[in-house]
Amino acid sequence: MNKNRSLTRWKVQVVTLLAVCGLLAPELAMTQQVANPALSNPKVDMPPPESVQADISEIDLDAIVRVEVDTKQPNYRVPWNVGGMGSGNGTGFLIGKNRFLTNAHVVSNGRLIYIKKVSDPRPYKARVVNIAHDCDLALLELESESDYENSFEDVEPLYIGGIPKLNTTVIAVGYPIGGERISVTRGVVSRVDFRSYSHSGVDNHLTIQVDAAINPGNSGGPVLQSNQVVGVAFQGYSGSVAQNTGYMIPVPVVERFLKDVEDGTYDYYVDIATSTIGILNPAQRQAFGLPNNGIGVMVCEADAAGSAGDKLKTKDVLLSIDGHTIFSDGFIEIEGERVDMNEVIERKFAGDTVNLEVWRDKEQIDVEIELKRFIPYTIQANQYDKQPQFVLFAGLQFQPVDRSVMTSHGIKDFQARYHYTYFSSDEIYREKPQVIILTAVLPDSVNTHLQPYVHKVVESINGKKIRLLQDVYDAFYKQQAEPGKEDFHVIRCVGEGRPLVLKRDEADVAHDRIKAKYNVGFTSHLEEPEILQLGDLIKTEDDSEEEAETPTAAAISE
Amino acid sequence: MRLKSFLSVVLAAVVCGLGFSASVYAEATPETSIIRVNATLQDYSFVKPWEKGAPSPRRGLGALISKNQVLTTAEMVVNATYIELEHPSSGAKVPAKIVARDYEANLALLEPAVSNDRVFEGVVPMERTNAVKAGDSVEVWQIEDNGDGVTTEVEVLRVNVGRYFLSGSNFLVYQIKGSLQARVNSFTLPVIQDGKLAGMLLSYNSKEQTANILPMPIIEAFLADVGDGEYEGFPMLGIGFAQTLDEQLRDFAGLADKDGGIFVRKIAKESSADKGGIKKEDVILSINGYPIDSRGNYTDPTYGKLSFSHIVRGNAKVGDKCTVELIRDGEPMTLEFELSRKDAADYLIDPYMFDRGPRFLILGGLIFQELTSPYLESWGDNWTTRAPFKLVYAAANPEKYEKEGREKLVFLSNVLKTPSTLGYEGVNSVVVTKVNGQAVGSIKELSAVFSKVPEDGIHRIELNDYPNIIYVRDDISRDINKQLLQYGIGQLERLE
């Protein structure tokens, strides 16, 4: 897992985007839920001659474009500020009429996008048609039809091929650092494997490792073999960690993305969100009354918010998936190759179904599961193209927890870490669809004693249970109060017995004073959180929540 | 004979206590008052609970306080496998036994396990003094290798409340300033005023040249407790508090027209405060008649400003009445209750654990343990981030498990790869919820459950996290247990 720390996306960035991405190691990737490590096992058999593999003579280099992007980075520390301006560039390529494929990270947080081709000095203004942060792909188009007609009508789009074999030659084409003009590098396919996609930080998909030099700026560029695209260059290791390891997004992932967006919108990867364990133990087999045939995995937990939440239970044994026998190590066979059972899910779309044969209570039943996206884990994913949400009141800054908030504020608070890390696995979202943290206190005489409580998780404000950032706004601005304490704003934090109190009259005056003094442009930004799509799973009101404490080595001693 | 009779006179003098003229004795010196204490310590392993770590020596000093009893710090003898007392110069040694020890107050009283008069030859019991105050000069006594005494004069900067040995266990300390050199027996040094024992040196900061002294008032309380037959330890109130410097909080809590007071943030279950009826959000104004200021200090008649915790920990005994004036919901009220102490073993998660190994049980390669703070702390300085987070969280939030009626929190700490545990390698640090359908409140209970073999010969172990349930065959596991013993795992369980 540590290795992921050095994964960087190959896009030249003037701002620190690369560094940020490199730092964000996924502490809790969805390893259990998504059961990632599927890998096909390509045999090294009879590749075409190298001269054929390396042939890119039919490629029109004008189809491989330089993508220049001006970016605007959100500022999660000072959320009312515009954020850092930067610029960077990557590569893209024409795949059809006014459709350019590139990496999502090339155009993420983009303000202005320009496309340039090899034989033309003019930049053409472009925009994002579809973007998929979970598989780091994006489709662009030129804003102006006439620009396209004048400049690209005669350019032959690239043709998308298949999965290249191990030890065959591939050519990466793009605009990496080291010069302005187009660059071509050559290498071989080193490995086909499931890997973490560092752009989101929480997704794992099939990747192909190549030893062709892939450098910042290559991102989004085609990797070619025999005049066809066999991958999209997207990430690699910095030289200090490993040499000659570049990664490309293979064709199955690219094709899935293109198929998904055919209807105009991207619907994300689906996820069965179920953790399983192989049934290798004889006692376990015996307890389930299963023969010793090496078939079946046991369901440990089906996440309530996942596709299988109401369909699978702990101790169910999965015997087959869409007709493919599931072996006890979690692998299945597709077209003669052993792959992880989740490979079946990887190829599906939202709304598709998957059919499972399940051994439950010593009887075999059929279970059909409609697949959907697993939303709770997105709080651990890198966020892009979003304005930070917050509410500021009397210098107290409240933000819903997600990866950006945790890292930008350097939050170490124990309860905050718990709520962030176990948000999905402990179903915290049911009580707190948004976990609200007091992320900062802008010092003023009214709140000077509250500085020690920064980074605490908010439980209630003015008697209102805080489940969403909207509740914070309402609690302060809609005249709510704790009974008998009408003269105060009362903020209670998880695991903290001392309420944070502000005198109402003083706080209201201070609010305007602080706003002026700290140059606060606007005091809140709220959006409807995606998590609310979970509907009934989210509890509306509940007061039974456990009190929680922060850790101490010994007991309380005073 | 002459020596013996002389010693008994001294003992009588000590018992009589105050007012005895020091001039009867020859001037006390390090050479005539100090006993070397040598201990071999061996910690228990948490990763391999059937093992102990490498033994390590610890050499310190003790003060002879009666005919044959030596006072030292508890830290000197923690997890000790062998303790001996040594004459300061002759090198005569005798194995020692522990008469009493208190890890919270960091004090231990030792005496020879067998009789050997040579160890105390020419060494006379020390008188003790309670009279040290801030600004006084005191001496720190050490012994050179050759038996010569070394006396270093240091100044008492202030008297306050600070940490002894266990984190979170705070008592009265004298803070001193002065330059001290490390010597062979530098662990635990007697501190003397006017030839009388005034305290024991706890820790020395060589950079700032400051040190903390465990003071005589705490030593006297310890000795009095030891002397009355049943050792009960130091009482504790058991609250966590917030200061009330914040004017808005003061208004909120109904303190607008009052002085001082501390806001109660949390209360330890079954503590004096809990049993005495103190509640969260109470504001404590005074304890035993001492007004508490808004920082949590009171004015001690002897030492001036001190943390209020000293009123209970240092100035009272288990069983004493405690009177607390407080404000609840804006109304003043007074509570009177008996002070008690909650033993480390009575917590769901032992806050500390010495002189015994972790309780554990191995079944066919599954290693079960009871969760304790030392288990988590064995991850090192950054244990709150490095130890398994779920266990750290459970330790910090024991209420849920306490409500289930568990005595201790049993968890699966690790899995040894064996034919019985096939497929479960890599499972670790998960809390056990049930075994064969029964709740398990301790390793002892777990052992009892395992001894009743289910009809189909398979044990079902339910866990609160991945993989949620595991199955092992009883017969295979028992066979493997035998193999593990042959393989060199010395013991398969520690139930007590």
# chains A, B, ... in the order shown; residues from 1 in each chain; ligands from 1
>>> residues_around(residues="range 45-51 of chain B", least_positions_apart="2", cutoff="10 Å", atoms="only C-alpha atoms", output="mmCIF file with all heavy atoms, in the first residue's frame")
data_model
loop_
_atom_site.group_PDB
_atom_site.id
_atom_site.type_symbol
_atom_site.label_atom_id
_atom_site.label_comp_id
_atom_site.auth_asym_id
_atom_site.auth_seq_id
_atom_site.Cartn_x
_atom_site.Cartn_y
_atom_site.Cartn_z
ATOM 1 N N GLN B 42 11.885 -8.153 33.627
ATOM 2 C CA GLN B 42 11.607 -8.881 32.392
ATOM 3 C C GLN B 42 10.156 -8.632 32.010
ATOM 4 O O GLN B 42 9.226 -9.044 32.706
ATOM 5 C CB GLN B 42 11.870 -10.384 32.596
ATOM 6 C CG GLN B 42 11.963 -11.124 31.289
ATOM 7 C CD GLN B 42 12.211 -12.605 31.476
ATOM 8 O OE1 GLN B 42 12.049 -13.139 32.574
ATOM 9 N NE2 GLN B 42 12.590 -13.275 30.415
ATOM 10 N N ASP B 43 9.982 -7.950 30.895
ATOM 11 C CA ASP B 43 8.627 -7.609 30.455
ATOM 12 C C ASP B 43 7.986 -8.793 29.753
ATOM 13 O O ASP B 43 8.665 -9.648 29.200
ATOM 14 C CB ASP B 43 8.666 -6.413 29.492
ATOM 15 C CG ASP B 43 9.010 -5.121 30.220
ATOM 16 O OD1 ASP B 43 8.830 -5.098 31.452
ATOM 17 O OD2 ASP B 43 9.453 -4.169 29.561
ATOM 18 N N GLY B 53 10.190 -11.101 27.440
ATOM 19 C CA GLY B 53 11.264 -10.485 26.666
ATOM 20 C C GLY B 53 12.625 -10.744 27.292
ATOM 21 O O GLY B 53 12.772 -11.551 28.212
ATOM 22 N N ALA B 54 13.635 -10.049 26.803
ATOM 23 C CA ALA B 54 14.982 -10.192 27.335
ATOM 24 C C ALA B 54 15.041 -9.543 28.714
ATOM 25 O O ALA B 54 14.543 -8.444 28.898
ATOM 26 C CB ALA B 54 15.985 -9.532 26.397
ATOM 27 N N GLY B 357 1.537 -11.560 33.150
ATOM 28 C CA GLY B 357 1.509 -11.534 31.697
ATOM 29 C C GLY B 357 0.098 -11.315 31.211
ATOM 30 O O GLY B 357 -0.857 -11.430 31.974
ATOM 31 N N PRO B 358 -0.037 -10.969 29.930
ATOM 32 C CA PRO B 358 -1.380 -10.811 29.380
ATOM 33 C C PRO B 358 -2.124 -12.142 29.411
ATOM 34 O O PRO B 358 -1.535 -13.186 29.153
ATOM 35 C CB PRO B 358 -1.122 -10.353 27.938
ATOM 36 C CG PRO B 358 0.289 -10.685 27.635
ATOM 37 C CD PRO B 358 1.025 -10.730 28.935
ATOM 38 N N ARG B 359 -3.400 -12.087 29.741
ATOM 39 C CA ARG B 359 -4.200 -13.315 29.692
ATOM 40 C C ARG B 359 -4.426 -13.687 28.235
ATOM 41 O O ARG B 359 -4.727 -12.825 27.409
ATOM 42 C CB ARG B 359 -5.534 -13.103 30.395
ATOM 43 C CG ARG B 359 -5.359 -12.830 31.869
ATOM 44 C CD ARG B 359 -6.669 -12.918 32.630
ATOM 45 N NE ARG B 359 -6.454 -12.403 33.979
ATOM 46 C CZ ARG B 359 -6.815 -11.183 34.378
ATOM 47 N NH1 ARG B 359 -7.440 -10.384 33.542
ATOM 48 N NH2 ARG B 359 -6.556 -10.779 35.601
ATOM 49 N N PHE B 360 -4.237 -14.944 27.933
ATOM 50 C CA PHE B 360 -4.410 -15.363 26.540
ATOM 51 C C PHE B 360 -4.806 -16.830 26.477
ATOM 52 O O PHE B 360 -4.758 -17.541 27.482
ATOM 53 C CB PHE B 360 -3.111 -15.146 25.752
ATOM 54 C CG PHE B 360 -2.032 -16.152 26.045
ATOM 55 C CD1 PHE B 360 -1.811 -17.226 25.194
ATOM 56 C CD2 PHE B 360 -1.242 -16.039 27.183
ATOM 57 C CE1 PHE B 360 -0.820 -18.170 25.475
ATOM 58 C CE2 PHE B 360 -0.254 -16.972 27.464
ATOM 59 C CZ PHE B 360 -0.036 -18.038 26.612
ATOM 60 N N LEU B 361 -5.210 -17.213 25.287
ATOM 61 C CA LEU B 361 -5.571 -18.605 25.050
ATOM 62 C C LEU B 361 -5.289 -18.901 23.584
ATOM 63 O O LEU B 361 -5.614 -18.096 22.707
ATOM 64 C CB LEU B 361 -7.054 -18.797 25.364
ATOM 65 C CG LEU B 361 -7.636 -20.213 25.281
ATOM 66 C CD1 LEU B 361 -8.816 -20.331 26.218
ATOM 67 C CD2 LEU B 361 -8.061 -20.586 23.869
ATOM 68 N N ILE B 362 -4.668 -20.048 23.339
ATOM 69 C CA ILE B 362 -4.413 -20.451 21.957
ATOM 70 C C ILE B 362 -5.241 -21.687 21.659
ATOM 71 O O ILE B 362 -5.255 -22.649 22.431
ATOM 72 C CB ILE B 362 -2.914 -20.767 21.743
ATOM 73 C CG1 ILE B 362 -2.077 -19.509 21.980
ATOM 74 C CG2 ILE B 362 -2.677 -21.298 20.328
ATOM 75 C CD1 ILE B 362 -0.593 -19.733 21.842
ATOM 76 N N ILE B 367 -4.947 -17.026 18.370
ATOM 77 C CA ILE B 367 -4.469 -16.452 19.633
ATOM 78 C C ILE B 367 -5.483 -15.421 20.121
ATOM 79 O O ILE B 367 -5.710 -14.408 19.466
ATOM 80 C CB ILE B 367 -3.095 -15.772 19.458
ATOM 81 C CG1 ILE B 367 -2.097 -16.760 18.842
ATOM 82 C CG2 ILE B 367 -2.581 -15.265 20.799
ATOM 83 C CD1 ILE B 367 -0.763 -16.140 18.513
ATOM 84 N N PHE B 368 -6.092 -15.695 21.247
ATOM 85 C CA PHE B 368 -7.038 -14.764 21.857
ATOM 86 C C PHE B 368 -6.378 -14.077 23.039
ATOM 87 O O PHE B 368 -5.605 -14.692 23.767
ATOM 88 C CB PHE B 368 -8.282 -15.513 22.352
ATOM 89 C CG PHE B 368 -9.029 -16.228 21.265
ATOM 90 C CD1 PHE B 368 -8.775 -17.566 20.977
ATOM 91 C CD2 PHE B 368 -9.995 -15.563 20.516
ATOM 92 C CE1 PHE B 368 -9.460 -18.233 19.966
ATOM 93 C CE2 PHE B 368 -10.687 -16.211 19.506
ATOM 94 C CZ PHE B 368 -10.418 -17.548 19.229
ATOM 95 N N GLN B 369 -6.698 -12.803 23.233
ATOM 96 C CA GLN B 369 -6.169 -12.071 24.389
ATOM 97 C C GLN B 369 -7.257 -11.178 24.956
ATOM 98 O O GLN B 369 -8.299 -10.982 24.341
ATOM 99 C CB GLN B 369 -4.986 -11.177 23.973
ATOM 100 C CG GLN B 369 -3.769 -11.927 23.459
ATOM 101 C CD GLN B 369 -2.508 -11.069 23.543
ATOM 102 O OE1 GLN B 369 -2.262 -10.399 24.535
ATOM 103 N NE2 GLN B 369 -1.716 -11.102 22.484
ATOM 104 N N PRO B 374 -1.684 -1.464 28.003
ATOM 105 C CA PRO B 374 -0.305 -1.841 27.657
ATOM 106 C C PRO B 374 -0.215 -2.596 26.326
ATOM 107 O O PRO B 374 0.774 -2.471 25.606
ATOM 108 C CB PRO B 374 0.128 -2.738 28.816
ATOM 109 C CG PRO B 374 -0.724 -2.327 29.956
ATOM 110 C CD PRO B 374 -2.028 -1.900 29.374
ATOM 111 N N TYR B 375 -1.244 -3.380 25.993
ATOM 112 C CA TYR B 375 -1.225 -4.068 24.698
ATOM 113 C C TYR B 375 -1.133 -3.031 23.581
ATOM 114 O O TYR B 375 -0.325 -3.157 22.655
ATOM 115 C CB TYR B 375 -2.485 -4.928 24.527
ATOM 116 C CG TYR B 375 -2.539 -5.621 23.185
ATOM 117 C CD1 TYR B 375 -1.922 -6.848 22.986
ATOM 118 C CD2 TYR B 375 -3.171 -5.030 22.092
ATOM 119 C CE1 TYR B 375 -1.938 -7.476 21.756
ATOM 120 C CE2 TYR B 375 -3.195 -5.644 20.851
ATOM 121 C CZ TYR B 375 -2.576 -6.868 20.687
ATOM 122 O OH TYR B 375 -2.579 -7.466 19.457
ATOM 123 N N LEU B 376 -1.972 -1.999 23.674
ATOM 124 C CA LEU B 376 -1.973 -0.970 22.625
ATOM 125 C C LEU B 376 -0.679 -0.163 22.663
ATOM 126 O O LEU B 376 -0.112 0.175 21.626
ATOM 127 C CB LEU B 376 -3.182 -0.042 22.813
ATOM 128 C CG LEU B 376 -4.534 -0.738 22.654
ATOM 129 C CD1 LEU B 376 -5.671 0.182 23.084
ATOM 130 C CD2 LEU B 376 -4.737 -1.165 21.207
ATOM 131 N N SER B 378 2.120 -1.156 23.368
ATOM 132 C CA SER B 378 3.276 -1.917 22.883
ATOM 133 C C SER B 378 3.585 -1.577 21.427
ATOM 134 O O SER B 378 4.598 -2.011 20.898
ATOM 135 C CB SER B 378 3.048 -3.419 23.060
ATOM 136 O OG SER B 378 2.033 -3.883 22.197
ATOM 137 N N TRP B 379 2.703 -0.783 20.780
ATOM 138 C CA TRP B 379 3.014 -0.307 19.429
ATOM 139 C C TRP B 379 3.986 0.873 19.429
ATOM 140 O O TRP B 379 4.344 1.374 18.390
ATOM 141 C CB TRP B 379 1.729 0.085 18.696
ATOM 142 C CG TRP B 379 1.263 -0.989 17.770
ATOM 143 C CD1 TRP B 379 1.519 -1.072 16.433
ATOM 144 C CD2 TRP B 379 0.484 -2.138 18.080
ATOM 145 N NE1 TRP B 379 0.935 -2.207 15.916
ATOM 146 C CE2 TRP B 379 0.304 -2.879 16.893
ATOM 147 C CE3 TRP B 379 -0.076 -2.630 19.257
ATOM 148 C CZ2 TRP B 379 -0.420 -4.074 16.850
ATOM 149 C CZ3 TRP B 379 -0.786 -3.809 19.208
ATOM 150 C CH2 TRP B 379 -0.951 -4.521 18.015
ATOM 151 N N SER B 413 -6.111 -11.807 18.602
ATOM 152 C CA SER B 413 -4.990 -10.896 18.337
ATOM 153 C C SER B 413 -4.234 -11.298 17.082
ATOM 154 O O SER B 413 -3.807 -10.452 16.320
ATOM 155 C CB SER B 413 -4.059 -10.806 19.542
ATOM 156 O OG SER B 413 -3.370 -12.012 19.730
ATOM 157 N N ASN B 414 -4.085 -12.599 16.876
ATOM 158 C CA ASN B 414 -3.331 -13.046 15.707
ATOM 159 C C ASN B 414 -3.696 -14.484 15.381
ATOM 160 O O ASN B 414 -4.293 -15.183 16.198
ATOM 161 C CB ASN B 414 -1.825 -12.955 15.965
ATOM 162 C CG ASN B 414 -1.243 -11.670 15.399
ATOM 163 O OD1 ASN B 414 -1.378 -11.402 14.205
ATOM 164 N ND2 ASN B 414 -0.641 -10.879 16.252
ATOM 165 N N ILE B 489 6.211 -23.533 21.925
ATOM 166 C CA ILE B 489 5.378 -22.521 22.581
ATOM 167 C C ILE B 489 5.142 -23.013 23.998
ATOM 168 O O ILE B 489 4.530 -24.062 24.214
ATOM 169 C CB ILE B 489 4.075 -22.314 21.795
ATOM 170 C CG1 ILE B 489 4.402 -21.575 20.507
ATOM 171 C CG2 ILE B 489 3.044 -21.562 22.633
ATOM 172 C CD1 ILE B 489 3.226 -21.240 19.648
ATOM 173 N N GLY B 490 5.693 -22.323 24.937
ATOM 174 C CA GLY B 490 5.800 -22.828 26.299
ATOM 175 C C GLY B 490 4.473 -23.056 26.977
ATOM 176 O O GLY B 490 4.309 -24.007 27.737
ATOM 177 N N GLN B 491 3.506 -22.204 26.740
ATOM 178 C CA GLN B 491 2.215 -22.396 27.379
ATOM 179 C C GLN B 491 1.126 -21.941 26.420
ATOM 180 O O GLN B 491 1.335 -21.037 25.606
ATOM 181 C CB GLN B 491 2.134 -21.655 28.714
ATOM 182 C CG GLN B 491 2.130 -20.142 28.599
ATOM 183 C CD GLN B 491 2.203 -19.454 29.959
ATOM 184 O OE1 GLN B 491 3.224 -18.907 30.333
ATOM 185 N NE2 GLN B 491 1.100 -19.478 30.693
ATOM 186 N N LEU B 492 -0.016 -22.574 26.502
ATOM 187 C CA LEU B 492 -1.098 -22.315 25.554
ATOM 188 C C LEU B 492 -2.163 -21.406 26.123
ATOM 189 O O LEU B 492 -3.080 -21.006 25.424
ATOM 190 C CB LEU B 492 -1.731 -23.637 25.116
ATOM 191 C CG LEU B 492 -0.790 -24.543 24.312
ATOM 192 C CD1 LEU B 492 -1.392 -25.918 24.140
ATOM 193 C CD2 LEU B 492 -0.482 -23.925 22.949
ATOM 194 N N GLU B 493 -2.078 -21.117 27.390
ATOM 195 C CA GLU B 493 -3.064 -20.204 27.965
ATOM 196 C C GLU B 493 -2.542 -19.594 29.253
ATOM 197 O O GLU B 493 -1.662 -20.144 29.914
ATOM 198 C CB GLU B 493 -4.391 -20.929 28.234
ATOM 199 C CG GLU B 493 -4.247 -22.102 29.196
ATOM 200 C CD GLU B 493 -5.569 -22.819 29.428
ATOM 201 O OE1 GLU B 493 -6.412 -22.814 28.522
ATOM 202 O OE2 GLU B 493 -5.738 -23.363 30.524
ATOM 203 N N ARG B 494 -3.047 -18.439 29.551
ATOM 204 C CA ARG B 494 -2.829 -17.828 30.858
ATOM 205 C C ARG B 494 -4.181 -17.259 31.239
ATOM 206 O O ARG B 494 -4.631 -16.262 30.691
ATOM 207 C CB ARG B 494 -1.760 -16.737 30.803
ATOM 208 C CG ARG B 494 -1.439 -16.179 32.189
ATOM 209 C CD ARG B 494 -0.448 -15.032 32.149
ATOM 210 N NE ARG B 494 0.888 -15.452 31.749
ATOM 211 C CZ ARG B 494 1.501 -15.022 30.665
ATOM 212 N NH1 ARG B 494 0.901 -14.153 29.870
ATOM 213 N NH2 ARG B 494 2.716 -15.433 30.358
#
>>> residues_around(residues="range 390-400 of chain A", least_positions_apart="4", cutoff="8 Å", atoms="only C-alpha atoms", output="mmCIF file with N, CA and C atoms, in the first residue's frame")
data_model
loop_
_atom_site.group_PDB
_atom_site.id
_atom_site.type_symbol
_atom_site.label_atom_id
_atom_site.label_comp_id
_atom_site.auth_asym_id
_atom_site.auth_seq_id
_atom_site.Cartn_x
_atom_site.Cartn_y
_atom_site.Cartn_z
ATOM 1 N N PRO A 79 -12.147 28.262 2.592
ATOM 2 C CA PRO A 79 -13.046 27.829 1.520
ATOM 3 C C PRO A 79 -13.725 28.963 0.764
ATOM 4 N N VAL A 405 -10.744 17.694 3.093
ATOM 5 C CA VAL A 405 -10.824 18.402 4.372
ATOM 6 C C VAL A 405 -9.823 17.797 5.363
ATOM 7 N N GLN A 434 -23.534 13.404 6.555
ATOM 8 C CA GLN A 434 -22.329 14.236 6.468
ATOM 9 C C GLN A 434 -21.774 14.375 7.886
ATOM 10 N N VAL A 435 -20.508 14.070 8.026
ATOM 11 C CA VAL A 435 -19.855 14.241 9.330
ATOM 12 C C VAL A 435 -19.293 15.659 9.351
ATOM 13 N N ILE A 436 -19.818 16.476 10.257
ATOM 14 C CA ILE A 436 -19.421 17.887 10.256
ATOM 15 C C ILE A 436 -18.324 18.119 11.297
ATOM 16 N N ILE A 437 -17.277 18.793 10.844
ATOM 17 C CA ILE A 437 -16.140 19.057 11.724
ATOM 18 C C ILE A 437 -15.968 20.566 11.899
ATOM 19 N N LEU A 438 -15.662 20.959 13.115
ATOM 20 C CA LEU A 438 -15.268 22.346 13.356
ATOM 21 C C LEU A 438 -13.823 22.439 12.870
ATOM 22 N N THR A 439 -13.641 22.917 11.640
ATOM 23 C CA THR A 439 -12.312 22.824 11.035
ATOM 24 C C THR A 439 -11.396 23.976 11.425
ATOM 25 N N ALA A 440 -11.971 25.111 11.802
ATOM 26 C CA ALA A 440 -11.117 26.240 12.171
ATOM 27 C C ALA A 440 -11.907 27.216 13.037
ATOM 28 N N VAL A 441 -11.178 27.986 13.828
ATOM 29 C CA VAL A 441 -11.767 29.093 14.577
ATOM 30 C C VAL A 441 -10.971 30.334 14.205
ATOM 31 N N LEU A 442 -11.624 31.307 13.578
ATOM 32 C CA LEU A 442 -10.934 32.557 13.260
ATOM 33 C C LEU A 442 -10.933 33.389 14.536
ATOM 34 N N PRO A 443 -9.768 33.582 15.126
ATOM 35 C CA PRO A 443 -9.734 34.147 16.483
ATOM 36 C C PRO A 443 -10.363 35.531 16.587
ATOM 37 N N ASP A 444 -11.146 35.664 17.637
ATOM 38 C CA ASP A 444 -11.817 36.904 17.953
ATOM 39 C C ASP A 444 -12.157 36.810 19.440
ATOM 40 N N VAL A 446 -14.804 36.842 20.860
ATOM 41 C CA VAL A 446 -16.011 36.070 21.155
ATOM 42 C C VAL A 446 -15.725 34.560 21.208
ATOM 43 N N ASN A 447 -14.687 34.114 20.503
ATOM 44 C CA ASN A 447 -14.482 32.658 20.404
ATOM 45 C C ASN A 447 -13.099 32.209 20.860
ATOM 46 N N LEU A 468 -26.284 16.964 8.585
ATOM 47 C CA LEU A 468 -25.864 17.537 7.307
ATOM 48 C C LEU A 468 -25.326 18.939 7.559
ATOM 49 N N LEU A 469 -24.545 19.424 6.619
ATOM 50 C CA LEU A 469 -24.049 20.798 6.759
ATOM 51 C C LEU A 469 -25.231 21.775 6.806
ATOM 52 N N VAL A 472 -26.293 22.699 10.189
ATOM 53 C CA VAL A 472 -25.462 23.711 10.856
ATOM 54 C C VAL A 472 -26.004 25.092 10.494
ATOM 55 N N TYR A 473 -26.249 25.258 9.210
ATOM 56 C CA TYR A 473 -26.761 26.544 8.733
ATOM 57 C C TYR A 473 -28.090 26.860 9.423
ATOM 58 N N PHE A 476 -27.947 27.784 13.215
ATOM 59 C CA PHE A 476 -27.480 29.137 13.546
ATOM 60 C C PHE A 476 -28.423 30.222 13.022
ATOM 61 N N ALA A 507 -22.354 37.026 19.652
ATOM 62 C CA ALA A 507 -21.946 36.252 18.474
ATOM 63 C C ALA A 507 -22.432 36.930 17.196
ATOM 64 N N ASP A 508 -23.660 37.447 17.231
ATOM 65 C CA ASP A 508 -24.195 38.063 16.028
ATOM 66 C C ASP A 508 -23.381 39.293 15.626
ATOM 67 N N ALA A 510 -20.249 39.800 16.530
ATOM 68 C CA ALA A 510 -18.903 39.328 16.174
ATOM 69 C C ALA A 510 -18.878 38.761 14.758
ATOM 70 N N HIS A 511 -19.975 38.134 14.370
ATOM 71 C CA HIS A 511 -20.032 37.508 13.054
ATOM 72 C C HIS A 511 -19.677 38.515 11.956
ATOM 73 N N ASP A 512 -20.308 39.665 12.000
ATOM 74 C CA ASP A 512 -20.048 40.683 10.970
ATOM 75 C C ASP A 512 -18.628 41.242 11.097
ATOM 76 N N ILE A 514 -15.982 39.709 12.305
ATOM 77 C CA ILE A 514 -15.010 38.708 11.842
ATOM 78 C C ILE A 514 -15.022 38.623 10.329
ATOM 79 N N LYS A 515 -16.203 38.691 9.763
ATOM 80 C CA LYS A 515 -16.341 38.617 8.311
ATOM 81 C C LYS A 515 -15.514 39.724 7.653
ATOM 82 N N THR A 523 -20.194 33.466 3.530
ATOM 83 C CA THR A 523 -20.054 32.713 4.772
ATOM 84 C C THR A 523 -20.612 31.296 4.688
ATOM 85 N N SER A 524 -21.081 30.892 3.537
ATOM 86 C CA SER A 524 -21.477 29.490 3.431
ATOM 87 C C SER A 524 -21.527 29.060 1.985
ATOM 88 N N HIS A 525 -21.286 27.793 1.772
ATOM 89 C CA HIS A 525 -21.552 27.185 0.475
ATOM 90 C C HIS A 525 -22.073 25.790 0.734
ATOM 91 N N LEU A 526 -23.290 25.536 0.291
ATOM 92 C CA LEU A 526 -23.924 24.255 0.567
ATOM 93 C C LEU A 526 -24.378 23.620 -0.731
#
>>> closest_residue(among="B:Tyr82, B:Tyr471, B:Phe234, B:Trp383", to="chain A", atoms="only C-alpha atoms")
B:Tyr471
>>> residues_around(residues="Ser477 in chain B", least_positions_apart="5", cutoff="9 Å", atoms="only C-alpha atoms", output="short mmCIF file (atom, residue, chain, number, x, y, z; two decimals) with C-alpha atoms, in the first residue's frame")
data_model
loop_
_atom_site.label_atom_id
_atom_site.label_comp_id
_atom_site.auth_asym_id
_atom_site.auth_seq_id
_atom_site.Cartn_x
_atom_site.Cartn_y
_atom_site.Cartn_z
CA LEU B 363 -6.73 -22.80 20.12
CA GLY B 364 -5.20 -24.53 17.15
CA GLY B 365 -3.27 -21.39 16.21
CA THR B 418 -1.75 -24.21 11.04
CA PRO B 419 -3.97 -26.85 9.40
CA SER B 420 -6.69 -25.77 11.81
CA THR B 421 -6.57 -22.09 10.84
CA VAL B 472 -12.39 -24.45 13.62
CA LYS B 482 -0.06 -30.41 21.35
#
>>> residues_around(residues="range 318-329 of chain B", least_positions_apart="5", cutoff="6 Å", atoms="only C-alpha atoms", output="list in words")
Pro235, Asp282, Val283, Ile284, Leu285, Ser286, Ile287, Asn288, Thr334, Leu335, Glu336, Phe337, Glu338, Leu339 and Ser340 of chain B
>>> atom_distance(atom1="CA of Asp402 in chain A", atom2="CA of Ala308 in chain A")
24.6 Å
>>> select_by_dssp(residues="range 436-529 of chain A", states="helix (DSSP H, G or I)", output="MDAnalysis selection string")
chainID A and resid 448:453 469:477 504:517
>>> decode(residues="range 135-139 of chain B", atoms="C-alpha atoms", output="compact mmCIF listing (two decimals), in the first residue's frame")
# COMPACT_ATOMS: atom_id res chain seq x y z
CA GLY B 135 12.70 27.90 47.83
CA ASP B 136 14.28 25.39 50.22
CA SER B 137 17.62 23.76 49.57
CA VAL B 138 17.69 19.99 49.61
CA GLU B 139 20.37 17.40 48.92
